[in-house]
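Chemist: Have a look at this one.
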Amino acid sequence: MHHLRLGIDIGGSGMKAAVVDLDTGAIVSERVRIPTPEPATPAAMADVVVELVAHHRWTGSVGVAFPAIVRNGLVHSAANIDPSWIDVDADATFSTATGLDVHMVNDADAAGLAEMRWGAGRGRDGVVIMLTFGTGIGSGLFLDGALVPNSELGHVELDGFDAEQRAAASVREREGLSWKQWAKRVDRYLGHIEMLFSPDLFIVGGGVSKNADKWVPRLTVDTDVVVAELANNAGIVGAALVAHDS
């Protein structure tokens, strides 16, 4: 008997869903993507979640990775989503819309959970920090395999800036930086996080991990840096992990 769950990964541009086998971490269905509605209000996004659930003919519990601070289902920050989400009970909103048991988790935490279970962090104890470089910088902080939720390390101050304004992947494109120039900024950022947390391992992910050979070898921090293994599926797989047994 396989333990299957539906995982949904909500991003700024797309909402992706697939069925995950929790015994192996494998995606065992088609991965469906629907563009994120604009504006991305709770009601508009609930409609898309209903559509994704219907597409998979899903009737069990659902996990959703979400780009915000999520505490007990309540949304507490909206740096990269519509401000109408603040203080909304997202668990209840999506559960009511779908008629299913839906549980939310921060998107970077979801990616980290997946990497710790089946990817680059498998079997690693101590302090492990997963960082996803995309529009912003997401973080998943783990101590001996246990998640310390909603760490938001992309927002530490660095050289007078919010760190993600200097070192996110989107900044490389926006400012036309070479991989070498951008790697220098990432190195500076990792050095700062290293000073604060003395981690045993950094796992780096996000879209730029596809080009890891262009920037990871340029990093000079003392901490081991490994590239995320689950790539674009980490959010979906991690979301499925938080769907409650039902």
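Chain labels follow the order of the structure tokens: the first chain is A, the next B, and so on; residue numbering restarts at 1 in every chain, and ligands are counted from 1 in their shown order.
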List as a ChimeraX atom specification the protein and nucleic acid residues near Asn150 of chain A, meaning an atom at most 8 Å away when only C-alpha atoms are counted, but skip any in the same chain fewer than 4 places from it.

Modeler: /A:69-70,106,109,139-140

Chemist: Report the closest atom pair, with its distance in Å rounded to one decimal, for each residue of segment 132-203 of chain A that has an atom no farther than 10 Å from segment 79-92 of chain A; count only C-alpha atoms, sort by chain and then rising residue number, and write it as JSON lines.

Modeler:
```
{"residue": "A:Thr135", "atom": "CA", "partner": "A:Asn80", "partner_atom": "CA", "distance": 8.4}
{"residue": "A:Gly136", "atom": "CA", "partner": "A:Asn80", "partner_atom": "CA", "distance": 8.1}
{"residue": "A:His155", "atom": "CA", "partner": "A:Ala79", "partner_atom": "CA", "distance": 9.9}
```

Chemist: Could you go through segment 10-212 of chain A and tell me which residues DSSP, when run on the backbone, assigns to helix (DSSP H, G or I), listing them as a ChimeraX atom specification?

Modeler: /A:42-55,83-85,90-98,107-118,153-155,164-167,169-174,179-197,207-212

Chemist: Let me see the file: selected residues, C-alpha atoms, as a PDB file, in the first residue's frame.

Modeler:
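selection.pdb, written as the output of this step:
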```pdb
ATOM      1  CA  PRO A  42      -7.372  34.099  -1.653  1.00  0.00           C
ATOM      2  CA  ALA A  43     -10.603  33.547  -3.637  1.00  0.00           C
ATOM      3  CA  ALA A  44      -8.827  33.502  -7.026  1.00  0.00           C
ATOM      4  CA  MET A  45      -6.148  31.095  -5.814  1.00  0.00           C
ATOM      5  CA  ALA A  46      -8.720  28.840  -4.135  1.00  0.00           C
ATOM      6  CA  ASP A  47     -10.391  28.457  -7.544  1.00  0.00           C
ATOM      7  CA  VAL A  48      -7.104  27.260  -9.061  1.00  0.00           C
ATOM      8  CA  VAL A  49      -6.512  24.829  -6.179  1.00  0.00           C
ATOM      9  CA  VAL A  50      -9.997  23.389  -6.807  1.00  0.00           C
ATOM     10  CA  GLU A  51      -9.099  23.028 -10.502  1.00  0.00           C
ATOM     11  CA  LEU A  52      -5.810  21.249  -9.699  1.00  0.00           C
ATOM     12  CA  VAL A  53      -7.557  18.878  -7.283  1.00  0.00           C
ATOM     13  CA  ALA A  54     -10.255  18.125  -9.881  1.00  0.00           C
ATOM     14  CA  HIS A  55      -7.672  17.506 -12.610  1.00  0.00           C
ATOM     15  CA  PRO A  83      -1.335  41.665   0.582  1.00  0.00           C
ATOM     16  CA  SER A  84      -4.967  40.521   0.893  1.00  0.00           C
ATOM     17  CA  TRP A  85      -3.550  37.229   2.265  1.00  0.00           C
ATOM     18  CA  ALA A  90      -5.196  29.601   4.333  1.00  0.00           C
ATOM     19  CA  ASP A  91      -5.784  26.044   5.608  1.00  0.00           C
ATOM     20  CA  ALA A  92      -9.469  26.857   6.142  1.00  0.00           C
ATOM     21  CA  THR A  93      -9.792  28.809   2.865  1.00  0.00           C
ATOM     22  CA  PHE A  94      -8.483  25.959   0.724  1.00  0.00           C
ATOM     23  CA  SER A  95     -10.125  23.198   2.810  1.00  0.00           C
ATOM     24  CA  THR A  96     -13.534  24.867   2.448  1.00  0.00           C
ATOM     25  CA  ALA A  97     -13.058  25.430  -1.292  1.00  0.00           C
ATOM     26  CA  THR A  98     -12.008  21.835  -2.018  1.00  0.00           C
ATOM     27  CA  ASP A 107       7.541  27.077   0.203  1.00  0.00           C
ATOM     28  CA  ALA A 108      11.234  27.092   1.131  1.00  0.00           C
ATOM     29  CA  ASP A 109      10.477  24.966   4.196  1.00  0.00           C
ATOM     30  CA  ALA A 110       8.677  22.511   1.885  1.00  0.00           C
ATOM     31  CA  ALA A 111      11.670  22.305  -0.470  1.00  0.00           C
ATOM     32  CA  GLY A 112      13.949  21.773   2.529  1.00  0.00           C
ATOM     33  CA  LEU A 113      11.741  18.997   3.955  1.00  0.00           C
ATOM     34  CA  ALA A 114      11.920  17.170   0.623  1.00  0.00           C
ATOM     35  CA  GLU A 115      15.705  17.584   0.340  1.00  0.00           C
ATOM     36  CA  MET A 116      16.238  16.385   3.926  1.00  0.00           C
ATOM     37  CA  ARG A 117      14.103  13.291   3.370  1.00  0.00           C
ATOM     38  CA  TRP A 118      15.083  12.245  -0.163  1.00  0.00           C
ATOM     39  CA  LEU A 153      16.959  34.210   6.030  1.00  0.00           C
ATOM     40  CA  GLY A 154      16.622  36.011   2.696  1.00  0.00           C
ATOM     41  CA  HIS A 155      15.606  39.081   4.680  1.00  0.00           C
ATOM     42  CA  GLU A 164      17.661  39.121  -1.291  1.00  0.00           C
ATOM     43  CA  GLN A 165      17.833  42.548  -2.974  1.00  0.00           C
ATOM     44  CA  ARG A 166      21.539  41.876  -3.560  1.00  0.00           C
ATOM     45  CA  ALA A 167      21.833  38.148  -4.079  1.00  0.00           C
ATOM     46  CA  ALA A 169      18.661  35.018  -8.784  1.00  0.00           C
ATOM     47  CA  SER A 170      16.309  37.695 -10.128  1.00  0.00           C
ATOM     48  CA  VAL A 171      18.943  40.349  -9.306  1.00  0.00           C
ATOM     49  CA  ARG A 172      21.500  38.650 -11.556  1.00  0.00           C
ATOM     50  CA  GLU A 173      19.121  38.973 -14.500  1.00  0.00           C
ATOM     51  CA  ARG A 174      17.824  42.408 -13.624  1.00  0.00           C
ATOM     52  CA  TRP A 179      27.885  34.428 -13.133  1.00  0.00           C
ATOM     53  CA  LYS A 180      31.214  35.445 -11.593  1.00  0.00           C
ATOM     54  CA  GLN A 181      29.819  38.771 -10.328  1.00  0.00           C
ATOM     55  CA  TRP A 182      26.694  37.152  -8.967  1.00  0.00           C
ATOM     56  CA  ALA A 183      28.638  34.310  -7.333  1.00  0.00           C
ATOM     57  CA  LYS A 184      30.656  36.930  -5.446  1.00  0.00           C
ATOM     58  CA  ARG A 185      27.436  38.344  -3.989  1.00  0.00           C
ATOM     59  CA  VAL A 186      26.122  34.885  -3.098  1.00  0.00           C
ATOM     60  CA  ASP A 187      29.479  34.127  -1.453  1.00  0.00           C
ATOM     61  CA  ARG A 188      29.232  37.312   0.608  1.00  0.00           C
ATOM     62  CA  TYR A 189      25.684  36.374   1.641  1.00  0.00           C
ATOM     63  CA  LEU A 190      26.603  32.786   2.551  1.00  0.00           C
ATOM     64  CA  GLY A 191      29.564  34.080   4.556  1.00  0.00           C
ATOM     65  CA  HIS A 192      27.192  36.278   6.559  1.00  0.00           C
ATOM     66  CA  ILE A 193      24.778  33.396   7.232  1.00  0.00           C
ATOM     67  CA  GLU A 194      27.774  31.196   8.105  1.00  0.00           C
ATOM     68  CA  MET A 195      28.911  33.759  10.680  1.00  0.00           C
ATOM     69  CA  LEU A 196      25.445  33.867  12.266  1.00  0.00           C
ATOM     70  CA  PHE A 197      24.592  30.142  12.319  1.00  0.00           C
ATOM     71  CA  GLY A 207      16.132  27.686 -10.864  1.00  0.00           C
ATOM     72  CA  VAL A 208      19.835  28.664 -10.798  1.00  0.00           C
ATOM     73  CA  SER A 209      20.775  25.214  -9.520  1.00  0.00           C
ATOM     74  CA  LYS A 210      20.481  24.075 -13.162  1.00  0.00           C
ATOM     75  CA  ASN A 211      23.590  26.194 -13.820  1.00  0.00           C
ATOM     76  CA  ALA A 212      25.347  25.223 -10.582  1.00  0.00           C
TER      77      ALA A 212
END
```

Chemist: Using only C-alpha atoms for the distances, tell me which of A:Thr59, A:Ser178, A:Asn72, A:Ser29 is nearest to Ile236 of chain A.

Modeler: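 Result for the nearest residue to Ile236 of chain A: A:Ser29.
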
Chemist: Once DSSP has gone over the backbone, tell me which residues of segment 134-218 of chain A are in strand (DSSP E), as a VMD selection string.

Modeler: chain A and resid 137 to 143 146 to 148 157 to 158 161 to 162 201 to 205

Chemist: What separation in Å, quoted to one decimal, exists between atom CA of Gly63 of chain A and atom CA of Leu241 of chain A?

Modeler: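 Interatomic distance here is 7.1 Å.
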
Chemist: So the first atom is atom CA of Val242 of chain A and the second is atom CA of Ser151 of chain A; what is the distance between them in Å, to one decimal place?

Modeler: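 Distance between the two atoms: 17.3 Å.
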
Chemist: Report as a PyMOL selection string all protein, DNA and RNA residues lying within 7 Å of Asp21 of chain A, evaluated on only C-alpha atoms, omitting residues in the same chain fewer than 3 positions from it.

Modeler: chain A and resi 2-5+24-28

Chemist: Print the selection's residues with N, CA and C atoms to a file, as a tab-separated table (two decimals), in the first residue's frame.

Modeler:
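This is the output file part39.tsv:
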```
chain	number	residue	atom	x	y	z
A	2	HIS	N	0.83	1.98	-1.09
A	2	HIS	CA	1.63	3.20	-1.15
A	2	HIS	C	0.91	4.34	-0.46
A	3	HIS	N	1.67	5.20	0.19
A	3	HIS	CA	1.11	6.38	0.84
A	3	HIS	C	1.16	7.52	-0.16
A	4	LEU	N	0.06	7.82	-0.80
A	4	LEU	CA	0.03	8.87	-1.82
A	4	LEU	C	-0.60	10.13	-1.24
A	5	ARG	N	-0.03	11.28	-1.62
A	5	ARG	CA	-0.60	12.57	-1.23
A	5	ARG	C	-0.50	13.51	-2.42
A	24	THR	N	8.68	6.80	-1.39
A	24	THR	CA	9.90	6.97	-2.21
A	24	THR	C	10.23	8.43	-2.52
A	25	GLY	N	9.25	9.34	-2.35
A	25	GLY	CA	9.45	10.73	-2.74
A	25	GLY	C	9.27	10.97	-4.22
A	26	ALA	N	8.83	9.93	-4.94
A	26	ALA	CA	8.68	10.05	-6.40
A	26	ALA	C	7.34	10.67	-6.77
A	27	ILE	N	7.34	11.45	-7.85
A	27	ILE	CA	6.09	11.97	-8.40
A	27	ILE	C	5.50	10.88	-9.30
A	28	VAL	N	4.25	10.51	-9.03
A	28	VAL	CA	3.66	9.35	-9.70
A	28	VAL	C	2.46	9.74	-10.56
```

Chemist: Quick one: distance from atom CA of Val225 of chain A to atom CA of Asp213 of chain A in Å, one decimal?

Modeler: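 Those two atoms sit 12.2 Å apart.
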
Chemist: From the list A:Ile8, A:Leu219, A:Met130, A:Ala40, which residue is nearest Gly206 of chain A when using only C-alpha atoms?

Modeler: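 Among the listed residues, A:Met130 lies closest to Gly206 of chain A.
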